[in-house]
$ cat query_35.cif   # mmCIF, C-alpha atoms
data_protein
#
loop_
_atom_site.label_atom_id
_atom_site.label_comp_id
_atom_site.auth_asym_id
_atom_site.auth_seq_id
_atom_site.Cartn_x
_atom_site.Cartn_y
_atom_site.Cartn_z
CA MET B 140 0.00 0.00 0.00
CA ALA B 141 1.44 3.38 -1.07
CA ARG B 142 2.32 5.77 1.73
CA PRO B 143 0.14 8.93 1.58
CA LYS B 144 1.88 12.17 0.64
CA PRO B 145 2.22 14.73 3.46
CA TRP B 146 0.03 17.23 1.58
CA GLU B 147 -2.84 14.77 1.19
CA ALA B 148 -5.42 15.75 3.81
CA ASP B 149 -6.86 12.52 5.20
CA ASP B 150 -10.46 12.21 6.36
CA GLU B 151 -9.57 12.79 10.02
CA LEU B 152 -7.72 16.06 9.37
CA TRP B 153 -10.37 17.28 6.92
CA ALA B 154 -13.08 16.58 9.53
CA VAL B 155 -11.30 19.08 11.80
CA VAL B 156 -10.64 21.70 9.11
CA GLN B 157 -13.95 21.71 7.22
CA PRO B 158 -16.20 23.07 10.03
CA LEU B 159 -13.86 26.05 10.42
CA LEU B 160 -14.15 27.17 6.79
CA PRO B 161 -16.57 29.98 5.90
CA THR B 162 -19.65 28.96 3.95
CA VAL B 163 -19.94 30.53 0.51
CA GLU B 164 -23.42 30.48 -0.99
CA ARG B 165 -23.82 30.46 -4.76
CA ARG B 166 -25.94 33.26 -6.17
CA PRO B 167 -29.29 31.97 -7.48
CA ARG B 168 -29.04 34.31 -10.45
CA HIS B 169 -25.79 34.45 -12.42
CA PRO B 170 -24.06 31.83 -10.22
CA GLY B 171 -20.99 31.78 -12.45
CA ARG B 172 -18.47 28.97 -12.57
CA LYS B 173 -18.84 26.24 -9.96
CA ARG B 174 -16.51 26.77 -7.00
CA HIS B 175 -13.47 24.50 -6.88
CA PRO B 176 -13.80 21.98 -4.01
CA ASP B 177 -12.43 23.32 -0.72
CA ARG B 178 -10.67 20.05 0.12
CA LEU B 179 -8.64 20.09 -3.09
CA ALA B 180 -7.75 23.76 -2.60
CA PHE B 181 -6.65 23.00 0.97
CA GLN B 182 -4.43 20.20 -0.31
CA GLY B 183 -2.97 22.64 -2.84
CA ILE B 184 -2.09 25.01 0.03
CA LEU B 185 -0.46 22.12 1.90
CA PHE B 186 1.47 21.21 -1.25
CA VAL B 187 2.95 24.72 -1.48
CA LEU B 188 3.72 24.74 2.26
CA HIS B 189 5.55 21.40 2.09
CA THR B 190 7.40 21.84 -1.20
CA GLY B 191 7.94 25.62 -1.33
CA ILE B 192 6.94 25.63 -5.00
CA ALA B 193 5.83 28.88 -6.62
CA TRP B 194 2.06 29.22 -7.02
CA GLU B 195 2.31 29.55 -10.79
CA HIS B 196 4.17 26.21 -10.98
CA MET B 197 1.41 24.21 -9.29
CA PRO B 198 1.21 20.83 -11.15
CA GLN B 199 -2.21 20.66 -12.76
CA GLU B 200 -2.15 16.85 -12.90
CA LEU B 201 -2.48 16.70 -9.10
CA GLY B 202 -6.02 18.07 -9.37
CA PHE B 203 -5.62 20.80 -6.76
CA GLY B 204 -6.67 23.49 -9.18
CA SER B 205 -4.58 26.38 -10.44
CA GLY B 206 -2.05 28.05 -8.19
CA MET B 207 -4.07 31.28 -8.30
CA THR B 208 -7.21 29.42 -7.18
CA CYS B 209 -5.35 27.99 -4.18
CA TRP B 210 -3.79 31.37 -3.39
CA ARG B 211 -7.19 33.08 -3.43
CA ARG B 212 -8.58 30.42 -1.14
CA LEU B 213 -5.62 30.88 1.23
CA ALA B 214 -6.17 34.65 1.30
CA GLU B 215 -9.92 34.17 1.83
CA TRP B 216 -9.46 31.75 4.73
CA THR B 217 -6.72 33.89 6.23
CA GLU B 218 -9.04 36.89 6.30
CA ALA B 219 -11.70 34.68 7.94
CA GLY B 220 -9.26 33.68 10.72
CA VAL B 221 -9.30 29.96 9.92
CA TRP B 222 -5.68 29.15 10.79
CA PRO B 223 -5.58 30.51 14.38
CA ARG B 224 -8.87 28.70 15.10
CA LEU B 225 -7.47 25.46 13.67
CA HIS B 226 -4.39 25.79 15.86
CA GLU B 227 -6.57 26.47 18.92
CA VAL B 228 -8.80 23.44 18.25
CA LEU B 229 -5.78 21.14 17.96
CA LEU B 230 -4.22 22.55 21.15
CA ALA B 231 -7.49 21.80 22.94
CA GLY B 232 -7.35 18.23 21.62
CA LEU B 233 -3.80 17.87 22.92
CA ARG B 234 -4.79 19.17 26.34
CA LYS B 235 -7.72 16.77 26.46
CA ALA B 236 -5.30 13.93 25.67
CA ASN B 237 -2.99 15.09 28.50
CA ALA B 238 -0.27 15.76 25.93
CA LEU B 239 0.17 19.47 26.72
CA ASP B 240 2.50 20.58 29.54
CA PHE B 241 2.04 24.16 30.78
CA SER B 242 4.47 23.72 33.68
CA ARG B 243 7.01 25.64 31.62
CA ALA B 244 7.39 27.21 28.19
CA ALA B 245 10.39 28.08 26.04
CA VAL B 246 10.81 31.00 23.64
CA ASP B 247 13.29 31.73 20.86
CA GLY B 248 13.62 33.47 17.51
CA SER B 249 14.93 32.36 14.12
CA HIS B 250 15.99 34.52 11.19
CA ILE B 251 14.94 33.75 7.60
CA ARG B 252 15.81 35.43 4.31
CA ALA B 253 13.20 37.54 2.56
CA PHE B 254 13.74 37.99 -1.17
CA LYS B 255 10.99 40.60 -1.44
CA THR B 256 10.36 43.67 0.65
CA GLY B 257 7.11 44.17 2.52
CA ALA B 258 5.69 44.61 5.97
CA LYS B 259 7.66 42.92 8.77
CA THR B 260 10.93 42.75 6.86
CA GLY B 261 14.16 44.52 7.73
CA ARG B 262 17.93 44.56 7.28
CA SER B 263 19.26 41.71 9.39
CA PRO B 264 22.40 42.32 11.48
CA VAL B 265 23.16 38.58 11.42
CA ASP B 266 22.94 38.24 7.61
CA ARG B 267 25.20 41.05 6.34
CA GLY B 268 22.36 43.53 6.32
CA ARG B 269 20.28 41.55 3.85
CA THR B 270 16.51 41.84 3.97
CA GLY B 271 14.91 39.25 6.20
CA SER B 272 12.22 38.41 8.69
CA LYS B 273 12.16 36.62 12.02
CA HIS B 274 9.98 33.80 13.29
CA HIS B 275 9.39 33.97 17.03
CA LEU B 276 8.05 30.86 18.76
CA ILE B 277 6.81 29.80 22.18
CA THR B 278 6.37 26.11 22.98
CA ASP B 279 5.19 24.07 25.93
CA ALA B 280 7.59 21.92 27.98
CA THR B 281 7.54 19.18 25.32
CA GLY B 282 8.09 21.42 22.27
CA ILE B 283 4.49 21.76 21.07
CA PRO B 284 4.06 25.20 19.40
CA LEU B 285 1.72 27.38 21.44
CA ALA B 286 2.03 30.57 19.36
CA ALA B 287 4.25 32.19 16.75
CA THR B 288 4.79 35.77 15.61
CA LEU B 289 6.52 37.43 12.66
CA THR B 290 8.74 40.53 12.71
CA GLY B 291 11.37 42.20 10.60
CA GLY B 292 14.85 40.73 10.63
CA ASN B 293 16.18 43.77 12.49
CA ARG B 294 13.95 43.30 15.56
CA ASN B 295 15.48 42.12 18.81
CA ASP B 296 14.15 38.82 20.13
CA VAL B 297 13.34 40.26 23.55
CA THR B 298 10.74 42.63 22.07
CA GLN B 299 8.58 39.60 21.25
CA LEU B 300 8.68 38.00 24.71
CA ILE B 301 5.47 39.66 25.94
CA PRO B 302 3.64 39.48 22.56
CA LEU B 303 4.35 35.73 22.46
CA LEU B 304 2.88 35.22 25.93
CA HIS B 305 -0.17 37.25 24.93
CA ALA B 306 -0.47 35.30 21.66
CA VAL B 307 -1.01 31.97 23.43
CA PRO B 308 -4.74 31.29 22.97
CA PRO B 309 -7.02 30.15 25.78
CA VAL B 310 -6.62 26.38 25.51
CA ARG B 311 -9.72 24.39 26.41
CA GLY B 312 -10.11 20.62 26.35
CA LYS B 313 -10.70 20.07 30.06
CA ARG B 314 -13.36 21.03 32.55
CA GLY B 315 -12.84 24.40 34.15
CA ARG B 316 -11.21 27.58 32.98
CA PRO B 317 -9.08 27.42 29.81
CA ARG B 318 -5.31 27.58 30.24
CA HIS B 319 -3.32 30.25 28.41
CA ARG B 320 -0.32 31.03 30.62
CA PRO B 321 2.62 28.73 31.46
CA ASP B 322 3.94 28.62 35.00
CA VAL B 323 7.51 29.38 33.90
CA VAL B 324 9.07 30.75 30.71
CA LEU B 325 12.65 29.86 29.72
CA ALA B 326 14.82 31.98 27.43
CA ASP B 327 18.46 32.49 26.48
CA ARG B 328 20.69 35.50 27.17
CA GLY B 329 19.16 37.52 24.37
CA TYR B 330 16.07 37.98 26.52
CA ASP B 331 17.95 39.20 29.62
CA HIS B 332 16.42 42.61 30.35
CA GLY B 333 15.10 43.89 33.66
CA LYS B 334 12.06 45.61 32.12
CA TYR B 335 10.87 42.43 30.41
CA ARG B 336 11.49 40.31 33.50
CA ARG B 337 9.12 42.59 35.41
CA LEU B 338 6.53 42.45 32.64
CA VAL B 339 6.65 38.65 32.66
CA TRP B 340 6.14 38.60 36.43
CA ASP B 341 3.17 40.96 35.98
CA LEU B 342 1.51 38.30 33.82
CA GLY B 343 1.83 35.76 36.63
CA VAL B 344 4.64 33.87 34.88
CA LYS B 345 8.05 33.17 36.40
CA PRO B 346 10.94 34.16 34.07
CA LEU B 347 13.94 31.82 33.94
CA ILE B 348 16.29 33.74 31.66
CA ALA B 349 20.03 33.22 31.37
CA ARG B 350 22.08 36.18 32.60
CA ARG B 351 24.38 38.07 30.27
CA GLY B 352 28.08 37.78 31.05
CA THR B 353 27.75 34.53 32.97
CA GLU B 354 29.45 31.32 31.95
CA HIS B 355 27.62 28.70 29.94
CA GLY B 356 26.28 25.72 31.83
CA SER B 357 23.35 27.29 33.64
CA GLY B 358 21.32 24.14 32.94
CA LEU B 359 18.55 25.96 31.03
CA GLY B 360 19.66 24.37 27.78
CA ALA B 361 18.60 20.96 29.03
CA GLN B 362 15.01 22.23 29.09
CA ARG B 363 15.08 24.98 26.45
CA TRP B 364 16.25 22.80 23.55
CA VAL B 365 12.65 21.82 22.79
CA VAL B 366 11.98 25.19 21.14
CA GLU B 367 15.01 24.71 18.88
CA ARG B 368 13.69 21.29 17.90
CA ALA B 369 10.29 22.87 17.19
CA PHE B 370 12.00 25.35 14.84
CA ALA B 371 13.63 22.42 13.05
CA HIS B 372 10.22 20.81 12.59
CA LEU B 373 8.67 24.10 11.52
CA HIS B 374 11.34 24.85 8.94
CA TRP B 375 10.99 21.35 7.56
CA PHE B 376 8.15 23.02 5.64
CA ARG B 377 10.10 24.45 2.71
CA ARG B 378 7.83 27.49 2.32
CA LEU B 379 8.88 28.68 5.79
CA ARG B 380 12.65 28.50 5.16
CA ILE B 381 12.59 31.61 2.96
CA ARG B 382 9.96 34.32 2.91
CA TRP B 383 8.72 34.74 -0.65
CA GLU B 384 5.50 36.60 0.21
CA VAL B 385 5.22 40.39 0.06
CA ARG B 386 2.06 40.25 2.19
CA ASP B 387 2.95 39.54 5.80
CA ASP B 388 -0.50 38.07 6.56
CA ILE B 389 0.01 35.35 3.93
CA HIS B 390 3.38 34.35 5.38
CA GLU B 391 1.87 34.40 8.88
CA ALA B 392 -0.88 32.12 7.57
CA PHE B 393 1.74 29.58 6.47
CA LEU B 394 3.51 29.99 9.83
CA THR B 395 0.34 29.33 11.85
CA LEU B 396 -0.68 26.45 9.57
CA GLY B 397 2.77 24.89 10.08
CA CYS B 398 2.31 25.10 13.87
CA ALA B 399 -1.14 23.52 13.54
CA LEU B 400 0.21 20.61 11.47
CA ILE B 401 2.89 19.92 14.08
CA CYS B 402 0.13 19.83 16.70
CA TRP B 403 -1.88 17.47 14.49
CA ARG B 404 1.04 15.02 14.30
CA ARG B 405 1.59 15.16 18.05
CA LEU B 406 -2.12 14.60 18.64
CA ASN B 407 -2.06 11.52 16.44
CA ASP B 408 0.96 10.22 18.36
CA ALA B 409 -0.84 10.81 21.67
CA VAL B 410 -3.92 8.93 20.46
CA VAL B 411 -1.83 5.97 19.26
CA ARG B 412 -0.15 5.69 22.65
#

$ encode --input "query_35.cif" --output "structure tokens"
Amino acid sequence: MARPKPWEADDELWAVVQPLLPTVERRPRHPGRKRHPDRLAFQGILFVLHTGIAWEHMPQELGFGSGMTCWRRLAEWTEAGVWPRLHEVLLAGLRKANALDFSRAAVDGSHIRAFKTGAKTGRSPVDRGRTGSKHHLITDATGIPLAATLTGGNRNDVTQLIPLLHAVPPVRGKRGRPRHRPDVVLADRGYDHGKYRRLVWDLGVKPLIARRGTEHGSGLGAQRWVVERAFAHLHWFRRLRIRWEVRDDIHEAFLTLGCALICWRRLNDAVVR
């Protein structure tokens, strides 16, 4: 039996995604061309995310529709807020399966090249001043992505510490109040700043941040490596290794969808166990 391709949305994943999509009613008069099936368009979006291929080079023999059709559907669903809701639903499923650990969280940033200018790009000091963007990520204690943000390549990582904590959605899945704050947040020396330590405490979260000027071997790396592994999984999606999009909301859509797919894999693993 042939192994399914990673961009082929199986029935289980589609059952989660389909209820989140906006309903588009055909006009009774002048209905126009029949709308391309949502499931095929979604698989076309996954194909671009996984392979990094340009929209205009979408292989027609795969049946996903034209690249422009898939791009329009991506823009439509992004405007409707589909991807954050998908991520939130999967996080709730992980919490219900006891696979989410809020005892601590880890944050980090990763620079990527941007070959086109646009919002949330900037000259990167770590890439010879070339235009780039940064992915900022917060994960739970096991490396499950809780939230991600996008900034220009010239932004300091510490500026996204508080936005990342605020970006964690209220995670349901269990009886009682939803959970949206970790007990502890771990970060490297780039986040060592008194102002941001105080702001983290104000949110009811304990900051464990390596101090500048101290020797290596604080022990935080033994717990903080999970966010670096999460970046490796996230950038396994070729479309996220380089930013090709001028529109920042489209790249953020791919970023959030990548986080959701990682959650989907972890949820499947939790169910199997």

$ residues_around --input "query_35.cif" --residues "Arg178 (chain B)" --least-positions-apart "2" --cutoff "10 Å" --atoms "all atoms listed in the file" --output "PyMOL selection string"
chain B and resi 147-149+153+156-157+175-176+180-184+203

$ resolve_selection --input "query_35.cif" --expression "the PyMOL selection byres ((chain B and resi 376-383) around 7)" --output "list in words"
Val187, Leu188, His189, Thr190, Gly191, Ile251, Arg252, Ala253, Phe254, Lys255, Leu373, His374, Trp375, Glu384, Val385 and Leu394 of chain B

$ residues_around --input "query_35.cif" --residues "Ala231 (chain B)" --least-positions-apart "3" --cutoff "7 Å" --atoms "only C-alpha atoms" --output "list in words"
Glu227, Val228, Arg234, Lys235, Val310, Arg311 and Gly312 of chain B

$ resolve_selection --input "query_35.cif" --expression "the PyMOL selection byres ((chain B and resi 363) around 9)" --output "list in words"
Ala244, Ala245, Val246, Asp247, Ala280, Gly282, Leu325, Ala326, Asp327, Leu359, Gly360, Ala361, Gln362, Trp364, Val365, Val366 and Glu367 of chain B

$ closest_residue --input "query_35.cif" --among "B:Asp150, B:Tyr335, B:Arg262, B:Pro143" --to "Leu347 (chain B)" --atoms "all atoms listed in the file"
B:Tyr335

$ resolve_selection --input "query_35.cif" --expression "the PyMOL selection byres ((chain B and resi 236) around 12)" --output "number ranges by chain"
B: 229-235, 237-240, 311-313, 405-412
